[in-house]
$ cat run26.txt   # compact mmCIF, C-alpha atoms
# COMPACT_ATOMS: atom_id res chain seq x y z
CA LEU A 25 -20.37 22.49 2.04
CA ILE A 26 -20.56 25.14 4.75
CA THR A 27 -22.14 27.78 2.51
CA PRO A 28 -25.26 25.76 1.55
CA PHE A 29 -25.65 24.78 5.20
CA ALA A 30 -25.43 28.43 6.29
CA ILE A 31 -27.97 29.48 3.66
CA GLY A 32 -30.33 26.72 4.75
CA LEU A 33 -29.91 27.73 8.38
CA MET A 34 -30.75 31.36 7.65
CA THR A 35 -33.75 30.34 5.58
CA ALA A 36 -34.95 28.24 8.50
CA ALA A 37 -34.40 31.18 10.85
CA GLU A 38 -36.52 33.42 8.63
CA GLU A 39 -39.26 30.80 8.55
CA GLN A 40 -39.04 30.58 12.34
CA VAL A 41 -39.63 34.32 12.67
CA ARG A 42 -42.57 34.20 10.27
CA THR A 43 -44.08 31.18 12.02
CA SER A 44 -43.76 32.79 15.44
CA ALA A 45 -45.35 35.98 14.12
CA ASP A 46 -48.26 34.06 12.58
CA ALA A 47 -48.81 32.10 15.79
CA LEU A 48 -48.96 35.26 17.89
CA GLU A 49 -51.26 36.90 15.38
CA ASP A 50 -53.65 33.94 15.45
CA GLU A 51 -53.58 33.90 19.25
CA ASP A 52 -54.14 37.60 19.86
CA GLY A 53 -55.59 38.86 16.60
CA SER A 54 -59.18 39.02 17.83
CA VAL A 55 -58.41 41.41 20.68
CA GLU A 56 -55.73 43.60 19.11
CA THR A 57 -56.42 47.18 18.14
CA GLY A 58 -55.19 48.68 14.89
CA ALA A 59 -52.29 50.36 16.67
CA THR A 60 -51.25 47.10 18.31
CA GLN A 61 -51.36 45.25 15.01
CA GLU A 62 -49.23 47.95 13.42
CA GLU A 63 -46.66 47.68 16.23
CA ARG A 64 -46.58 43.91 15.85
CA ALA A 65 -46.12 44.19 12.08
CA ARG A 66 -43.29 46.66 12.64
CA ALA A 67 -41.67 44.31 15.16
CA ASN A 68 -41.97 41.37 12.76
CA GLY A 69 -40.44 43.42 9.97
CA GLN A 70 -37.55 44.38 12.24
CA ALA A 71 -37.05 40.74 13.23
CA LEU A 72 -36.83 39.73 9.57
CA GLN A 73 -34.33 42.51 8.93
CA ASP A 74 -32.25 41.24 11.85
CA VAL A 75 -32.26 37.73 10.38
CA GLN A 76 -31.12 39.12 7.02
CA LYS A 77 -28.42 41.14 8.74
CA PHE A 78 -27.21 38.07 10.59
CA ALA A 79 -27.24 36.11 7.31
CA ASP A 80 -25.08 38.78 5.66
CA CYS A 81 -22.68 38.59 8.58
CA LEU A 82 -22.52 34.80 8.44
CA LEU A 83 -21.85 34.61 4.70
CA LEU A 84 -19.27 37.38 4.85
CA GLY A 85 -17.63 35.51 7.72
CA ILE A 86 -17.33 32.41 5.54
CA ALA A 87 -15.80 34.44 2.71
CA TYR A 88 -13.39 36.24 5.05
CA GLY A 89 -12.45 32.93 6.67
CA ALA A 90 -11.55 31.41 3.31
CA THR A 91 -9.46 34.44 2.41
CA CYS A 92 -7.67 34.64 5.76
CA GLY A 93 -6.97 30.92 5.76
CA GLY A 94 -5.71 30.99 2.18
CA ILE A 95 -3.01 33.48 3.11
CA ALA A 96 -1.40 31.05 5.55
CA THR A 97 -0.13 28.44 3.08
CA ILE A 98 1.54 28.43 -0.29
CA THR A 99 -1.18 26.07 -1.51
CA GLY A 100 -3.93 28.33 -0.19
CA THR A 101 -4.60 30.30 -3.36
CA LEU A 102 -3.72 30.10 -7.03
CA ASN A 103 -1.77 33.37 -6.84
CA HIS A 104 0.70 31.76 -4.46
CA TYR A 105 1.37 28.98 -6.97
CA PHE A 106 2.26 31.49 -9.66
CA PHE A 107 4.48 33.43 -7.29
CA ALA A 108 6.26 30.31 -6.05
CA GLY A 109 6.98 29.32 -9.64
CA GLU A 110 8.92 32.50 -10.39
CA THR A 111 12.57 31.81 -11.10
CA LEU A 112 13.83 34.40 -8.61
CA VAL A 113 12.11 32.77 -5.63
CA SER A 114 11.38 29.16 -6.62
CA SER A 115 14.58 27.79 -5.09
CA GLU A 116 14.09 29.57 -1.76
CA LEU A 117 10.33 29.62 -1.32
CA VAL A 118 9.24 26.39 0.36
CA TRP A 119 6.01 25.45 2.10
CA SER A 120 7.33 25.77 5.65
CA ARG A 121 8.95 29.16 5.01
CA TRP A 122 5.75 30.52 3.52
CA PHE A 123 3.77 29.09 6.44
CA GLY A 124 6.02 30.87 8.91
CA PHE A 125 5.55 34.09 6.96
CA GLY A 126 1.82 33.73 6.29
CA ILE A 127 0.38 32.41 9.55
CA PRO A 128 0.93 35.66 11.53
CA ILE A 129 -0.68 37.65 8.71
CA SER A 130 -3.55 35.17 8.60
CA PHE A 131 -4.04 35.47 12.34
CA VAL A 132 -4.10 39.28 12.22
CA THR A 133 -6.54 39.33 9.31
CA VAL A 134 -8.85 36.93 11.17
CA LEU A 135 -8.92 39.32 14.12
CA ALA A 136 -9.52 42.27 11.79
CA ALA A 137 -12.33 40.43 9.98
CA TYR A 138 -13.94 39.44 13.28
CA ALA A 139 -13.79 43.00 14.59
CA SER A 140 -15.19 44.36 11.34
CA LEU A 141 -18.13 41.94 11.34
CA TYR A 142 -18.81 42.44 15.02
CA PHE A 143 -18.95 46.23 14.91
CA ARG A 144 -20.74 46.33 11.55
CA TYR A 145 -23.36 43.64 12.18
CA VAL A 146 -23.34 41.86 15.53
CA ARG A 147 -23.02 44.68 18.05
CA SER A 148 -26.35 46.32 17.17
CA LEU A 149 -28.11 43.08 16.32
CA ARG A 150 -31.30 42.19 18.20
CA PHE A 151 -31.60 38.76 16.62
CA GLN A 152 -32.23 36.29 19.44
CA GLY A 153 -30.86 33.26 17.67
CA ILE A 154 -32.33 30.04 16.35
CA ASN A 155 -34.17 27.60 18.56
CA HIS A 156 -33.00 24.05 19.11
CA GLU A 157 -35.70 22.49 16.93
CA VAL A 158 -34.61 24.47 13.86
CA LEU A 159 -30.95 23.66 14.44
CA GLN A 160 -31.74 19.98 14.90
CA ALA A 161 -33.83 19.89 11.72
CA GLU A 162 -31.04 21.49 9.69
CA TYR A 163 -28.49 19.14 11.20
CA ASP A 164 -30.63 16.09 10.42
CA GLU A 165 -31.09 17.27 6.84
CA LEU A 166 -27.34 17.78 6.42
CA LEU A 167 -26.67 14.38 7.97
CA SER A 168 -29.08 12.71 5.56
CA GLU A 169 -27.26 14.30 2.62
CA VAL A 170 -23.62 13.70 3.58
CA GLY A 171 -23.97 10.79 6.01
CA PRO A 172 -22.36 10.33 9.43
CA PHE A 173 -18.67 10.81 10.14
CA SER A 174 -16.91 7.70 8.84
CA ARG A 175 -13.62 5.93 9.38
CA ASP A 176 -12.53 6.95 5.88
CA GLU A 177 -12.94 10.63 6.75
CA LEU A 178 -10.92 10.07 9.92
CA ALA A 179 -8.15 8.40 7.92
CA VAL A 180 -8.04 11.29 5.44
CA ALA A 181 -7.95 13.84 8.28
CA LEU A 182 -5.09 12.05 10.03
CA LEU A 183 -3.10 11.78 6.80
CA GLN A 184 -3.71 15.47 6.17
CA LEU A 185 -2.20 16.24 9.58
CA VAL A 186 0.76 13.99 8.76
CA GLN A 187 1.19 15.80 5.45
CA ILE A 188 1.18 19.24 7.09
CA THR A 189 3.65 18.07 9.73
CA LEU A 190 6.00 16.70 7.08
CA LEU A 191 5.80 19.91 5.07
CA ILE A 192 6.73 21.96 8.14
CA ILE A 193 9.66 19.81 9.29
CA ARG A 194 10.95 18.80 5.86
CA PRO A 195 13.69 21.48 5.40
CA PHE A 196 15.49 20.67 8.67
CA ALA A 197 14.41 17.13 9.60
CA ILE A 198 14.12 15.26 6.30
CA SER A 199 15.88 16.89 3.34
CA PRO A 200 19.35 17.19 4.96
CA PHE A 201 19.44 13.43 5.52
CA ILE A 202 18.19 12.25 2.12
CA THR A 203 20.66 13.53 -0.45
CA THR A 204 22.72 12.44 -3.41
CA GLU A 205 26.43 11.79 -3.13
CA PHE A 206 26.95 15.35 -4.36
CA GLY A 207 24.84 16.84 -1.57
CA SER A 208 21.69 17.62 -3.55
CA SER A 209 18.47 16.92 -1.71
CA LEU A 210 16.25 14.16 -3.05
CA VAL A 211 13.18 15.33 -1.14
CA ASN A 212 11.19 18.49 -1.77
CA ASP A 213 7.72 19.76 -0.89
CA ALA A 214 6.10 17.75 -3.67
CA THR A 215 7.66 14.55 -2.32
CA VAL A 216 6.31 14.90 1.21
CA ALA A 217 2.97 16.17 -0.09
CA CYS A 218 2.46 13.11 -2.29
CA ALA A 219 3.77 10.50 0.15
CA PRO A 220 0.78 10.57 2.56
CA ALA A 221 -1.63 10.76 -0.38
CA ILE A 222 -0.17 7.54 -1.81
CA LEU A 223 -1.05 5.77 1.44
CA LEU A 224 -4.72 6.37 0.70
CA PHE A 225 -4.46 3.85 -2.13
CA PHE A 226 -3.41 1.17 0.36
CA ILE A 227 -5.90 1.87 3.16
CA PRO A 228 -9.06 -0.20 2.63
CA SER A 229 -12.24 1.85 2.46
CA VAL A 230 -15.32 0.97 4.50
CA VAL A 231 -17.70 2.64 2.06
$ encode --input "run26.txt" --output "structure tokens"
Amino acid sequence: LITPFAIGLMTAAEEQVRTSADALEDEDGSVETGATQEERARANGQALQDVQKFADCLLLGIAYGATCGGIATITGTLNHYFFAGETLVSSELVWSRWFGFGIPISFVTVLAAYASLYFRYVRSLRFQGINHEVLQAEYDELLSEVGPFSRDELAVALLQLVQITLLIIRPFAISPFITTEFGSSLVNDATVACAPAILLFFIPSVV
């Protein structure tokens, strides 16, 4: 959802630059000399390049964010699933252990990605931003497509937090207390991952 919104926002920013340039040209075109018109055209071209540069930065930031976030959890990418299924590690590799291993790496890669984007794109950027009217128009369009924040979305978000909490505390706060008479645990990551999801079938929807 964020990528189409970002693309729409950058398209609106480009239209804003073009509209501002046309308005200034209509206002001052009758008194401008050839040199002045050339300077204005050069400035408009530079402004459009700055918008494109900012768009590149924004889309790369989304891609980097997805990659950095995917490192943090065992469910973040498909590669982690394959690795976790290997016989040598399947009995030891649990969600909370991977999270403890992956979150520092994820944090470092976020900082590295931010620094890379800042020094490559943002530091030399002269793009002045997008005015409030453009932002409001894009927000209204997005709101008309997806609708306002609902109680159902809040319920899903809260259950997602419960699920993450259970996955983190499961090895030391749940599994040791739910075992067979032979000491084998009856609860694993799949159990605590599915339990909150099952609750969604019992929570009435308002949609």
$ closest_residue --input "run26.txt" --among "A:Asp74, A:Glu162, A:Glu110, A:Glu62" --to "A:Ala36" --atoms "all atoms listed in the file"
A:Glu162
$ residues_around --input "run26.txt" --residues "A:Arg147" --least-positions-apart "2" --cutoff "12 Å" --atoms "all atoms listed in the file" --output "list in words"
Asp74, Lys77, Phe78, Cys81, Tyr138, Ala139, Ser140, Leu141, Tyr142, Phe143, Arg144, Tyr145, Leu149, Arg150 and Phe151 of chain A
$ atom_distance --input "run26.txt" --atom1 "atom CA of A:Gly85" --atom2 "atom CA of A:Glu169"
23.8 Å
$ atom_distance --input "run26.txt" --atom1 "atom CA of A:Ser120" --atom2 "atom CA of A:Pro200"
14.8 Å
$ residues_around --input "run26.txt" --residues "A:Tyr105" --least-positions-apart "4" --cutoff "12 Å" --atoms "all atoms listed in the file" --output "list in words"
Gly94, Ile95, Thr97, Ile98, Thr99, Gly100, Thr101, Gly109, Glu110, Val113, Ser114, Leu117, Val118, Trp119 and Trp122 of chain A
$ write_last_selection --input "run26.txt" --atoms "C-alpha atoms" --output "PDB file, in the coordinates of the input"
ATOM      1  CA  GLY A  94      -5.710  30.990   2.180  1.00  0.00           C
ATOM      2  CA  ILE A  95      -3.010  33.480   3.110  1.00  0.00           C
ATOM      3  CA  THR A  97      -0.130  28.440   3.080  1.00  0.00           C
ATOM      4  CA  ILE A  98       1.540  28.430  -0.290  1.00  0.00           C
ATOM      5  CA  THR A  99      -1.180  26.070  -1.510  1.00  0.00           C
ATOM      6  CA  GLY A 100      -3.930  28.330  -0.190  1.00  0.00           C
ATOM      7  CA  THR A 101      -4.600  30.300  -3.360  1.00  0.00           C
ATOM      8  CA  GLY A 109       6.980  29.320  -9.640  1.00  0.00           C
ATOM      9  CA  GLU A 110       8.920  32.500 -10.390  1.00  0.00           C
ATOM     10  CA  VAL A 113      12.110  32.770  -5.630  1.00  0.00           C
ATOM     11  CA  SER A 114      11.380  29.160  -6.620  1.00  0.00           C
ATOM     12  CA  LEU A 117      10.330  29.620  -1.320  1.00  0.00           C
ATOM     13  CA  VAL A 118       9.240  26.390   0.360  1.00  0.00           C
ATOM     14  CA  TRP A 119       6.010  25.450   2.100  1.00  0.00           C
ATOM     15  CA  TRP A 122       5.750  30.520   3.520  1.00  0.00           C
TER      16      TRP A 122
END
$ atom_distance --input "run26.txt" --atom1 "atom CA of A:Asn155" --atom2 "atom CA of A:Ala37"
8.5 Å
$ closest_residue --input "run26.txt" --among "A:Met34, A:Leu223, A:Val216, A:Leu72" --to "A:Ile192" --atoms "only C-alpha atoms"
A:Val216
$ closest_residue --input "run26.txt" --among "A:Ala221, A:Ala108, A:Val41, A:Ile188" --to "A:Ala67" --atoms "all atoms listed in the file"
A:Val41
$ residues_around --input "run26.txt" --residues "A:Glu177" --least-positions-apart "3" --cutoff "12 Å" --atoms "only C-alpha atoms" --output "list in words"
Val170, Gly171, Pro172, Phe173, Ser174, Val180, Ala181, Leu182, Leu183, Gln184, Leu224, Ile227, Ser229, Val230 and Val231 of chain A
$ residues_around --input "run26.txt" --residues "A:Thr91" --least-positions-apart "2" --cutoff "12 Å" --atoms "only C-alpha atoms" --output "PyMOL selection string"
chain A and resi 84-89+93-97+100-102+126+129-131+133-134+137
$ write_last_selection --input "run26.txt" --atoms "C-alpha atoms" --output "compact mmCIF listing (two decimals), in the coordinates of the input"
# COMPACT_ATOMS: atom_id res chain seq x y z
CA LEU A 84 -19.27 37.38 4.85
CA GLY A 85 -17.63 35.51 7.72
CA ILE A 86 -17.33 32.41 5.54
CA ALA A 87 -15.80 34.44 2.71
CA TYR A 88 -13.39 36.24 5.05
CA GLY A 89 -12.45 32.93 6.67
CA GLY A 93 -6.97 30.92 5.76
CA GLY A 94 -5.71 30.99 2.18
CA ILE A 95 -3.01 33.48 3.11
CA ALA A 96 -1.40 31.05 5.55
CA THR A 97 -0.13 28.44 3.08
CA GLY A 100 -3.93 28.33 -0.19
CA THR A 101 -4.60 30.30 -3.36
CA LEU A 102 -3.72 30.10 -7.03
CA GLY A 126 1.82 33.73 6.29
CA ILE A 129 -0.68 37.65 8.71
CA SER A 130 -3.55 35.17 8.60
CA PHE A 131 -4.04 35.47 12.34
CA THR A 133 -6.54 39.33 9.31
CA VAL A 134 -8.85 36.93 11.17
CA ALA A 137 -12.33 40.43 9.98
$ closest_residue --input "run26.txt" --among "A:Leu159, A:Leu167, A:Leu210, A:Leu191" --to "A:Phe123" --atoms "only C-alpha atoms"
A:Leu191
$ axis_aligned_box --input "run26.txt" --around "stretch 108-115 of chain A" --padding-each-side "4 Å" --output "JSON"
{"center_x": 10.4, "center_y": 31.1, "center_z": -8.1, "size_x": 16.3, "size_y": 14.6, "size_z": 14.0}
$ closest_residue --input "run26.txt" --among "A:Glu165, A:Ala217, A:Ile202, A:Thr111" --to "A:Val186" --atoms "all atoms listed in the file"
A:Ala217
$ closest_residue --input "run26.txt" --among "A:Phe225, A:Phe201, A:Phe196, A:Phe206" --to "A:Arg121" --atoms "all atoms listed in the file"
A:Phe196
